[in-house]
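Student: Pasting in a structure now, in structure tokens, and then I'll have a few things to ask.
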Amino acid sequence: MEELAYSGSADAAALRSRMTRCGGEEWNYQFSCRTPACATCRGRYIGRQRRAAIKRFAKHENHDLAFASIVIGATDYVDEIGETFMKFRKDLRNVVDANRRQRRRWSNFEALLWLETDALSGDDFVHLGSDKKAQLGEMAPLFVRDSGPVWVVTAHGVIACPGIDYQEVAEDFRQRWPGTKRVDVRPFYDHQTKDQNLGYTINYALKHECRTHLGQFAEPWPVGWMAEYYSYLHRWSRGFQSTRISISPVAIKSTNVILSQYNKDELEEREPLPFIYSDSVFHTYYNWKDRT
Ligand SMILES: [Zn+2]
């Protein structure tokens with residue numbers, strides 16, 4: 001992240017100096033900076049998360065797993081990103097616990113989600129597609145100002161819902177996080193192996209590309225935004241730890257799970273998983289293949 005050198009803030013300079021030592025000879029090549037801005041450390045982290053997820057979901061079939069994405073909230077203070085994400089962690093647990101009290105099939109529900117942050121200026125907002133504009137307008141009527149970025153906090157990742165229809169999960173989440181397309185739950189592809197699906201999903205969830213997507217175009221964040229965001233993330237994330245949410249299944253004696261009564265006739269046509277259209281994710285995917 002050469003850009004950090006030019007942003008002028010003391011935080012960014014300290015962060016850059018830490019990243020410069022990462023893997024360098026000064027510490028006999030042993031020092032890992034563990035900052036989310038570091039491409040090397042992020043790459044290692046993604047690899048570890050992917051291997052852990054493949055192990056964790058080994059007992060599940062492709063059709064028990066789904067990609068999930070929830071747009072949590074928006075704030076114009078970078079320091080509120082963590083708080084927003086932590087509150088979501090609590091809310092998600094409450095939603096799952098409430099379901100578990102009423103419906104036994106939710107005992108086996110699992111979630112593994114990661115923080116992603118988008119950033120937009122008031123100018124960017126004007127150029128968004130209508131759904132995204134509606135969604136952000138409902139959540140954060142902040143876009144009248146153009147003084148700095150609005151940070152949009154999102155969680156993406158994998159859910160395991162054996163015995164529960166993914167649409168039931170989506171609908172439950174939508175009740176807790178209502179609004180235009182804030183919740184997206186899609187089943188894993190049948191034509192790919194489970195490990196491929198997990199690999200794609202985790203690469204997508206952890207991509208952190210620091211770009212603002214405006215329709216078909218994506219613009220890199222201004223250097224000042226990157227410096228502000230990554231300095232904050234370094235302070236808050238405890239070396240990636242805080243950026244992850246994991247919900248485990250309840251240990252139960254009987255695995256006699258009652259299947260969901262969800263009405264399949266009402267299901268909408270399945271949309272493709274979002275990452276199939278993303279060049280950047282294919283790029284990551286190929287890197288992943290090369291490394292595995
Ligand atoms: Zn590093």
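Identifiers in the structure tokens: chain A, B, ... in order shown; residue index from 1 per chain; ligand index from 1 in order shown.
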Segment 113-129 of chain A: which residues within 6 Å, counting only C-alpha atoms, same-chain residues fewer than 5 positions away excluded, as a list in words?
Tutor: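 Contacts, in chain order: Phe143, Asp146, Pro149, Val150, Trp151, Val152, Val153, Thr154, Ala155, His156, Gly157, Leu214, Gly215, Thr243, Arg244 and Ile245 of chain A.
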Student: Kindly save the residues from that selection, with C-alpha atoms included, as a PDB file, in the first residue's frame.
Tutor:
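To be explicit, this is the file written out as result_11.pdb:
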```pdb
ATOM      1  CA  PHE A 143     -25.715  11.557   1.472  1.00  0.00           C
ATOM      2  CA  ASP A 146     -20.285  15.564   0.460  1.00  0.00           C
ATOM      3  CA  PRO A 149     -17.133   9.106   2.657  1.00  0.00           C
ATOM      4  CA  VAL A 150     -20.126   7.319   4.073  1.00  0.00           C
ATOM      5  CA  TRP A 151     -18.948   3.877   5.185  1.00  0.00           C
ATOM      6  CA  VAL A 152     -21.353   1.055   4.356  1.00  0.00           C
ATOM      7  CA  VAL A 153     -20.876  -1.911   6.652  1.00  0.00           C
ATOM      8  CA  THR A 154     -21.714  -5.344   5.260  1.00  0.00           C
ATOM      9  CA  ALA A 155     -21.282  -8.956   6.369  1.00  0.00           C
ATOM     10  CA  HIS A 156     -20.696 -11.708   3.798  1.00  0.00           C
ATOM     11  CA  GLY A 157     -19.949 -15.372   4.158  1.00  0.00           C
ATOM     12  CA  LEU A 214     -21.042   2.515  -9.593  1.00  0.00           C
ATOM     13  CA  GLY A 215     -23.130   0.412 -11.946  1.00  0.00           C
ATOM     14  CA  THR A 243     -13.692  -8.863  11.462  1.00  0.00           C
ATOM     15  CA  ARG A 244     -15.211 -12.342  11.679  1.00  0.00           C
ATOM     16  CA  ILE A 245     -18.469 -13.691  13.114  1.00  0.00           C
TER      17      ILE A 245
END
```
Student: Distance limit 12 Å, reference ligand 1, atoms considered: only C-alpha atoms and all ligand atoms. Which residues make the cut? Give them as an NGL selection string.
Tutor: :A and (1 or 15-24 or 29-45 or 234 or 239-240)
Student: Using N, CA and C atoms, can you export the residues from the last selection as a compact mmCIF listing (two decimals), in the first residue's frame?
Tutor:
```txt
# COMPACT_ATOMS: atom_id res chain seq x y z
N MET A 1 0.83 -1.21 0.00
CA MET A 1 0.00 0.00 0.00
C MET A 1 0.86 1.25 0.00
N LEU A 15 1.39 2.93 10.18
CA LEU A 15 0.90 1.68 9.59
C LEU A 15 1.81 1.26 8.44
N ARG A 16 2.18 2.23 7.63
CA ARG A 16 3.03 1.90 6.50
C ARG A 16 4.38 1.38 6.97
N SER A 17 4.90 1.99 8.03
CA SER A 17 6.20 1.55 8.52
C SER A 17 6.12 0.12 9.07
N ARG A 18 5.01 -0.21 9.70
CA ARG A 18 4.80 -1.58 10.18
C ARG A 18 4.75 -2.56 9.01
N MET A 19 4.00 -2.16 7.97
CA MET A 19 3.85 -3.05 6.82
C MET A 19 5.18 -3.22 6.07
N THR A 20 6.01 -2.18 6.10
CA THR A 20 7.30 -2.27 5.41
C THR A 20 8.19 -3.33 6.07
N ARG A 21 8.00 -3.51 7.37
CA ARG A 21 8.83 -4.51 8.07
C ARG A 21 8.33 -5.93 7.85
N CYS A 22 7.08 -6.06 7.33
CA CYS A 22 6.46 -7.38 7.18
C CYS A 22 7.30 -8.27 6.26
N GLY A 23 7.72 -9.41 6.79
CA GLY A 23 8.49 -10.37 5.99
C GLY A 23 9.87 -9.89 5.59
N GLY A 24 10.34 -8.80 6.19
CA GLY A 24 11.63 -8.23 5.80
C GLY A 24 12.79 -8.78 6.60
N TYR A 29 13.16 -12.12 8.59
CA TYR A 29 12.04 -12.56 7.74
C TYR A 29 10.89 -13.19 8.54
N GLN A 30 10.92 -13.07 9.86
CA GLN A 30 9.92 -13.75 10.69
C GLN A 30 8.72 -12.86 11.05
N PHE A 31 8.84 -11.56 10.83
CA PHE A 31 7.81 -10.65 11.29
C PHE A 31 6.63 -10.57 10.31
N SER A 32 5.42 -10.87 10.81
CA SER A 32 4.20 -10.64 10.02
C SER A 32 3.48 -9.46 10.63
N CYS A 33 3.11 -8.49 9.82
CA CYS A 33 2.54 -7.26 10.39
C CYS A 33 1.08 -7.47 10.81
N ARG A 34 0.41 -8.46 10.24
CA ARG A 34 -0.99 -8.79 10.58
C ARG A 34 -1.91 -7.58 10.48
N THR A 35 -1.65 -6.74 9.55
CA THR A 35 -2.60 -5.64 9.36
C THR A 35 -3.44 -5.93 8.11
N PRO A 36 -4.75 -5.66 8.20
CA PRO A 36 -5.62 -5.98 7.08
C PRO A 36 -5.24 -5.27 5.77
N ALA A 37 -4.42 -4.22 5.85
CA ALA A 37 -4.04 -3.52 4.63
C ALA A 37 -2.93 -4.25 3.88
N CYS A 38 -2.26 -5.19 4.52
CA CYS A 38 -1.08 -5.84 3.93
C CYS A 38 -1.51 -6.99 3.02
N ALA A 39 -1.12 -6.91 1.76
CA ALA A 39 -1.54 -7.92 0.78
C ALA A 39 -1.02 -9.31 1.17
N THR A 40 0.21 -9.37 1.67
CA THR A 40 0.80 -10.67 2.04
C THR A 40 0.02 -11.28 3.21
N CYS A 41 -0.20 -10.49 4.25
CA CYS A 41 -0.89 -11.02 5.43
C CYS A 41 -2.34 -11.34 5.12
N ARG A 42 -2.97 -10.50 4.30
CA ARG A 42 -4.35 -10.78 3.92
C ARG A 42 -4.43 -12.08 3.12
N GLY A 43 -3.50 -12.27 2.20
CA GLY A 43 -3.47 -13.50 1.40
C GLY A 43 -3.33 -14.72 2.29
N ARG A 44 -2.44 -14.63 3.28
CA ARG A 44 -2.26 -15.75 4.21
C ARG A 44 -3.52 -15.98 5.02
N TYR A 45 -4.12 -14.89 5.46
CA TYR A 45 -5.35 -14.99 6.26
C TYR A 45 -6.45 -15.67 5.45
N HIS A 234 -6.71 -1.31 11.44
CA HIS A 234 -5.55 -1.84 12.14
C HIS A 234 -5.71 -1.67 13.66
N GLY A 239 -5.65 -7.77 14.46
CA GLY A 239 -5.11 -8.68 13.44
C GLY A 239 -6.18 -9.57 12.84
N PHE A 240 -7.19 -9.00 12.25
CA PHE A 240 -8.31 -9.67 11.55
C PHE A 240 -9.36 -10.26 12.50
```
Student: Neighbours of Phe109 of chain A within 6 Å (only C-alpha atoms; same-chain residues fewer than 2 positions away dropped), as a list in words?
Tutor: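 Neighbouring residues, sequence-local ones excluded: Trp106, Ser107, Ala160, Cys161 and Pro249 of chain A.
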Student: What lies within 12 Å of segment 175-178 of chain A using only C-alpha atoms, ignoring chain neighbours under 2 positions off, as a PyMOL selection string?
Tutor: chain A and resi 69-73+88+91-96+98+135-136+138-139+154+168-173+180-184
Student: Write a file of the selected residues as a PDB file, in the first residue's frame, keeping C-alpha atoms.
Tutor:
```
ATOM      1  CA  SER A  69     -24.778 -11.215   2.622  1.00  0.00           C
ATOM      2  CA  ILE A  70     -26.361  -8.583   4.857  1.00  0.00           C
ATOM      3  CA  VAL A  71     -25.964  -4.841   4.496  1.00  0.00           C
ATOM      4  CA  ILE A  72     -25.805  -3.883   8.141  1.00  0.00           C
ATOM      5  CA  GLY A  73     -25.708  -0.121   8.225  1.00  0.00           C
ATOM      6  CA  PHE A  88     -24.801  -6.903  14.161  1.00  0.00           C
ATOM      7  CA  ASP A  91     -28.419  -9.073  16.666  1.00  0.00           C
ATOM      8  CA  LEU A  92     -27.589 -12.098  14.527  1.00  0.00           C
ATOM      9  CA  ARG A  93     -27.127 -14.244  17.615  1.00  0.00           C
ATOM     10  CA  ASN A  94     -30.483 -13.041  18.927  1.00  0.00           C
ATOM     11  CA  VAL A  95     -32.219 -13.911  15.655  1.00  0.00           C
ATOM     12  CA  VAL A  96     -30.688 -17.386  15.655  1.00  0.00           C
ATOM     13  CA  ALA A  98     -35.056 -16.847  18.961  1.00  0.00           C
ATOM     14  CA  GLN A 135     -31.340   0.793   0.093  1.00  0.00           C
ATOM     15  CA  LEU A 136     -28.792   3.339   1.289  1.00  0.00           C
ATOM     16  CA  GLU A 138     -33.482   4.094   3.741  1.00  0.00           C
ATOM     17  CA  MET A 139     -30.602   3.213   6.023  1.00  0.00           C
ATOM     18  CA  THR A 154     -21.714  -5.344   5.260  1.00  0.00           C
ATOM     19  CA  GLU A 168     -36.675 -19.406   5.335  1.00  0.00           C
ATOM     20  CA  VAL A 169     -33.340 -18.092   6.571  1.00  0.00           C
ATOM     21  CA  ALA A 170     -33.506 -15.204   4.106  1.00  0.00           C
ATOM     22  CA  GLU A 171     -36.990 -14.282   5.207  1.00  0.00           C
ATOM     23  CA  ASP A 172     -36.089 -14.367   8.880  1.00  0.00           C
ATOM     24  CA  PHE A 173     -33.102 -12.153   8.243  1.00  0.00           C
ATOM     25  CA  THR A 180     -34.379  -2.835  -0.241  1.00  0.00           C
ATOM     26  CA  LYS A 181     -32.195  -5.874  -0.946  1.00  0.00           C
ATOM     27  CA  ARG A 182     -30.271  -5.722   2.309  1.00  0.00           C
ATOM     28  CA  VAL A 183     -30.346  -9.478   2.730  1.00  0.00           C
ATOM     29  CA  ASP A 184     -29.129 -11.877   0.080  1.00  0.00           C
TER      30      ASP A 184
END
```
Student: In Å, with one decimal, what is the gap from atom CA of Glu228 of chain A to atom CA of Asp11 of chain A?
Tutor: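 Separating atom CA of Glu228 of chain A from atom CA of Asp11 of chain A is a distance of 8.3 Å.
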Student: Check segment 20-151 of chain A with DSSP on the backbone and list each residue it calls alpha helix (DSSP H), as number ranges by chain.
Tutor: A: 20-21, 39-56, 80-102, 122-126, 130-139
Student: DSSP on the backbone: what in segment 106-215 of chain A comes out strand (DSSP E or B), as JSON, numbers by chain?
Tutor: {"A": [110, 111, 112, 113, 114, 115, 116, 117, 118, 119, 120, 150, 151, 152, 153, 154, 155, 156, 157, 158, 159, 160, 183, 184, 185, 186, 187, 211, 212, 213, 214]}
Student: Output N, CA and C atoms of each residue in that selection to a file, as a PDB file, in the first residue's frame.
Tutor:
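To be explicit, this is the file written out as again12.pdb:
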```
ATOM      1  N   GLU A 110     -25.519 -22.819  11.194  1.00  0.00           N
ATOM      2  CA  GLU A 110     -24.178 -22.262  11.451  1.00  0.00           C
ATOM      3  C   GLU A 110     -23.951 -21.068  10.556  1.00  0.00           C
ATOM      4  N   ALA A 111     -23.139 -20.134  11.019  1.00  0.00           N
ATOM      5  CA  ALA A 111     -22.791 -18.983  10.167  1.00  0.00           C
ATOM      6  C   ALA A 111     -21.326 -18.645  10.345  1.00  0.00           C
ATOM      7  N   LEU A 112     -20.717 -18.237   9.241  1.00  0.00           N
ATOM      8  CA  LEU A 112     -19.329 -17.796   9.257  1.00  0.00           C
ATOM      9  C   LEU A 112     -19.259 -16.587   8.313  1.00  0.00           C
ATOM     10  N   LEU A 113     -19.210 -15.403   8.915  1.00  0.00           N
ATOM     11  CA  LEU A 113     -19.336 -14.180   8.123  1.00  0.00           C
ATOM     12  C   LEU A 113     -18.173 -13.234   8.401  1.00  0.00           C
ATOM     13  N   TRP A 114     -17.849 -12.423   7.404  1.00  0.00           N
ATOM     14  CA  TRP A 114     -16.758 -11.446   7.559  1.00  0.00           C
ATOM     15  C   TRP A 114     -17.239 -10.043   7.213  1.00  0.00           C
ATOM     16  N   LEU A 115     -16.591  -9.096   7.844  1.00  0.00           N
ATOM     17  CA  LEU A 115     -16.877  -7.681   7.596  1.00  0.00           C
ATOM     18  C   LEU A 115     -16.377  -7.260   6.216  1.00  0.00           C
ATOM     19  N   GLU A 116     -17.205  -6.523   5.514  1.00  0.00           N
ATOM     20  CA  GLU A 116     -16.701  -5.784   4.365  1.00  0.00           C
ATOM     21  C   GLU A 116     -17.231  -4.359   4.436  1.00  0.00           C
ATOM     22  N   THR A 117     -16.409  -3.412   4.053  1.00  0.00           N
ATOM     23  CA  THR A 117     -16.827  -2.016   4.107  1.00  0.00           C
ATOM     24  C   THR A 117     -16.757  -1.411   2.711  1.00  0.00           C
ATOM     25  N   ASP A 118     -17.838  -0.788   2.305  1.00  0.00           N
ATOM     26  CA  ASP A 118     -17.837   0.006   1.080  1.00  0.00           C
ATOM     27  C   ASP A 118     -17.782   1.467   1.490  1.00  0.00           C
ATOM     28  N   ALA A 119     -17.359   2.313   0.585  1.00  0.00           N
ATOM     29  CA  ALA A 119     -17.315   3.744   0.897  1.00  0.00           C
ATOM     30  C   ALA A 119     -17.814   4.534  -0.300  1.00  0.00           C
ATOM     31  N   LEU A 120     -18.616   5.558  -0.002  1.00  0.00           N
ATOM     32  CA  LEU A 120     -19.194   6.374  -1.082  1.00  0.00           C
ATOM     33  C   LEU A 120     -19.216   7.839  -0.686  1.00  0.00           C
ATOM     34  N   VAL A 150     -19.219   8.064   3.199  1.00  0.00           N
ATOM     35  CA  VAL A 150     -20.126   7.319   4.073  1.00  0.00           C
ATOM     36  C   VAL A 150     -19.662   5.871   3.978  1.00  0.00           C
ATOM     37  N   TRP A 151     -19.441   5.261   5.133  1.00  0.00           N
ATOM     38  CA  TRP A 151     -18.948   3.877   5.185  1.00  0.00           C
ATOM     39  C   TRP A 151     -20.145   2.943   5.286  1.00  0.00           C
ATOM     40  N   VAL A 152     -20.228   1.996   4.368  1.00  0.00           N
ATOM     41  CA  VAL A 152     -21.353   1.055   4.356  1.00  0.00           C
ATOM     42  C   VAL A 152     -20.839  -0.297   4.854  1.00  0.00           C
ATOM     43  N   VAL A 153     -21.391  -0.726   5.966  1.00  0.00           N
ATOM     44  CA  VAL A 153     -20.876  -1.911   6.652  1.00  0.00           C
ATOM     45  C   VAL A 153     -21.713  -3.133   6.259  1.00  0.00           C
ATOM     46  N   THR A 154     -21.037  -4.154   5.787  1.00  0.00           N
ATOM     47  CA  THR A 154     -21.714  -5.344   5.260  1.00  0.00           C
ATOM     48  C   THR A 154     -21.070  -6.596   5.851  1.00  0.00           C
ATOM     49  N   ALA A 155     -21.843  -7.650   5.995  1.00  0.00           N
ATOM     50  CA  ALA A 155     -21.282  -8.956   6.369  1.00  0.00           C
ATOM     51  C   ALA A 155     -21.564  -9.942   5.249  1.00  0.00           C
ATOM     52  N   HIS A 156     -20.525 -10.672   4.826  1.00  0.00           N
ATOM     53  CA  HIS A 156     -20.696 -11.708   3.798  1.00  0.00           C
ATOM     54  C   HIS A 156     -20.108 -13.006   4.320  1.00  0.00           C
ATOM     55  N   GLY A 157     -20.594 -14.107   3.813  1.00  0.00           N
ATOM     56  CA  GLY A 157     -19.949 -15.372   4.158  1.00  0.00           C
ATOM     57  C   GLY A 157     -20.806 -16.574   3.863  1.00  0.00           C
ATOM     58  N   VAL A 158     -20.646 -17.589   4.688  1.00  0.00           N
ATOM     59  CA  VAL A 158     -21.256 -18.895   4.451  1.00  0.00           C
ATOM     60  C   VAL A 158     -22.230 -19.197   5.587  1.00  0.00           C
ATOM     61  N   ILE A 159     -23.380 -19.742   5.252  1.00  0.00           N
ATOM     62  CA  ILE A 159     -24.230 -20.310   6.308  1.00  0.00           C
ATOM     63  C   ILE A 159     -24.466 -21.790   5.997  1.00  0.00           C
ATOM     64  N   ALA A 160     -24.611 -22.559   7.043  1.00  0.00           N
ATOM     65  CA  ALA A 160     -25.005 -23.957   6.891  1.00  0.00           C
ATOM     66  C   ALA A 160     -26.385 -24.071   7.510  1.00  0.00           C
ATOM     67  N   VAL A 183     -30.687  -8.087   2.410  1.00  0.00           N
ATOM     68  CA  VAL A 183     -30.346  -9.478   2.730  1.00  0.00           C
ATOM     69  C   VAL A 183     -30.315 -10.286   1.435  1.00  0.00           C
ATOM     70  N   ASP A 184     -29.262 -11.042   1.261  1.00  0.00           N
ATOM     71  CA  ASP A 184     -29.129 -11.877   0.080  1.00  0.00           C
ATOM     72  C   ASP A 184     -28.653 -13.255   0.546  1.00  0.00           C
ATOM     73  N   VAL A 185     -29.463 -14.269   0.318  1.00  0.00           N
ATOM     74  CA  VAL A 185     -29.058 -15.637   0.677  1.00  0.00           C
ATOM     75  C   VAL A 185     -29.235 -16.490  -0.569  1.00  0.00           C
ATOM     76  N   ARG A 186     -28.177 -17.145  -0.992  1.00  0.00           N
ATOM     77  CA  ARG A 186     -28.261 -17.966  -2.209  1.00  0.00           C
ATOM     78  C   ARG A 186     -27.599 -19.316  -1.993  1.00  0.00           C
ATOM     79  N   PRO A 187     -28.262 -20.379  -2.452  1.00  0.00           N
ATOM     80  CA  PRO A 187     -27.687 -21.710  -2.248  1.00  0.00           C
ATOM     81  C   PRO A 187     -26.402 -21.891  -3.049  1.00  0.00           C
ATOM     82  N   ARG A 211     -12.666  -0.320  -3.574  1.00  0.00           N
ATOM     83  CA  ARG A 211     -13.180   0.326  -4.772  1.00  0.00           C
ATOM     84  C   ARG A 211     -14.654   0.626  -4.564  1.00  0.00           C
ATOM     85  N   THR A 212     -15.116   1.721  -5.150  1.00  0.00           N
ATOM     86  CA  THR A 212     -16.524   2.066  -5.107  1.00  0.00           C
ATOM     87  C   THR A 212     -17.157   1.623  -6.420  1.00  0.00           C
ATOM     88  N   HIS A 213     -18.184   0.776  -6.313  1.00  0.00           N
ATOM     89  CA  HIS A 213     -18.842   0.257  -7.517  1.00  0.00           C
ATOM     90  C   HIS A 213     -20.020   1.140  -7.897  1.00  0.00           C
ATOM     91  N   LEU A 214     -19.964   1.652  -9.098  1.00  0.00           N
ATOM     92  CA  LEU A 214     -21.042   2.515  -9.593  1.00  0.00           C
ATOM     93  C   LEU A 214     -21.547   1.878 -10.879  1.00  0.00           C
TER      94      LEU A 214
END
```
Student: How many Å separate atom CA of Ser248 of chain A from atom CA of Glu80 of chain A?
Tutor: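 So the two atoms, atom CA of Ser248 of chain A and atom CA of Glu80 of chain A, lie 26.6 Å apart.
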Student: My list of candidates is A:Gly82, A:Asp165, A:Lys132, A:Glu209. Which is closest to Arg238 of chain A when distances are computed with only C-alpha atoms?
Tutor: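 Checking each candidate against Arg238 of chain A, we get A:Gly82 as the closest.
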Student: Counting only C-alpha atoms, figure out which residue out of A:Arg50, A:His208, A:Lys133, A:Lys87 gets nearest to Met226 of chain A.
Tutor: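 Using only C-alpha atoms, Met226 of chain A sits closest to A:His208.
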Student: When distances are computed from only C-alpha atoms, which of A:Arg56, A:Ile164, A:Ala205, A:Phe217 shows the smallest separation from Ile247 of chain A?
Tutor: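 Checking each candidate against Ile247 of chain A, we get A:Arg56 as the closest.
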Student: Point out the residue among A:Trp221, A:Ser231, A:Asp195, A:Thr201 with the least atom-to-atom distance to Phe57 of chain A, counting only C-alpha atoms.
Tutor: A:Asp195
Student: Between atom CA of Thr75 of chain A and atom CA of Ile46 of chain A, what is the distance, to one decimal in Å?
Tutor: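 Distance reported for this atom pair: 26.6 Å.
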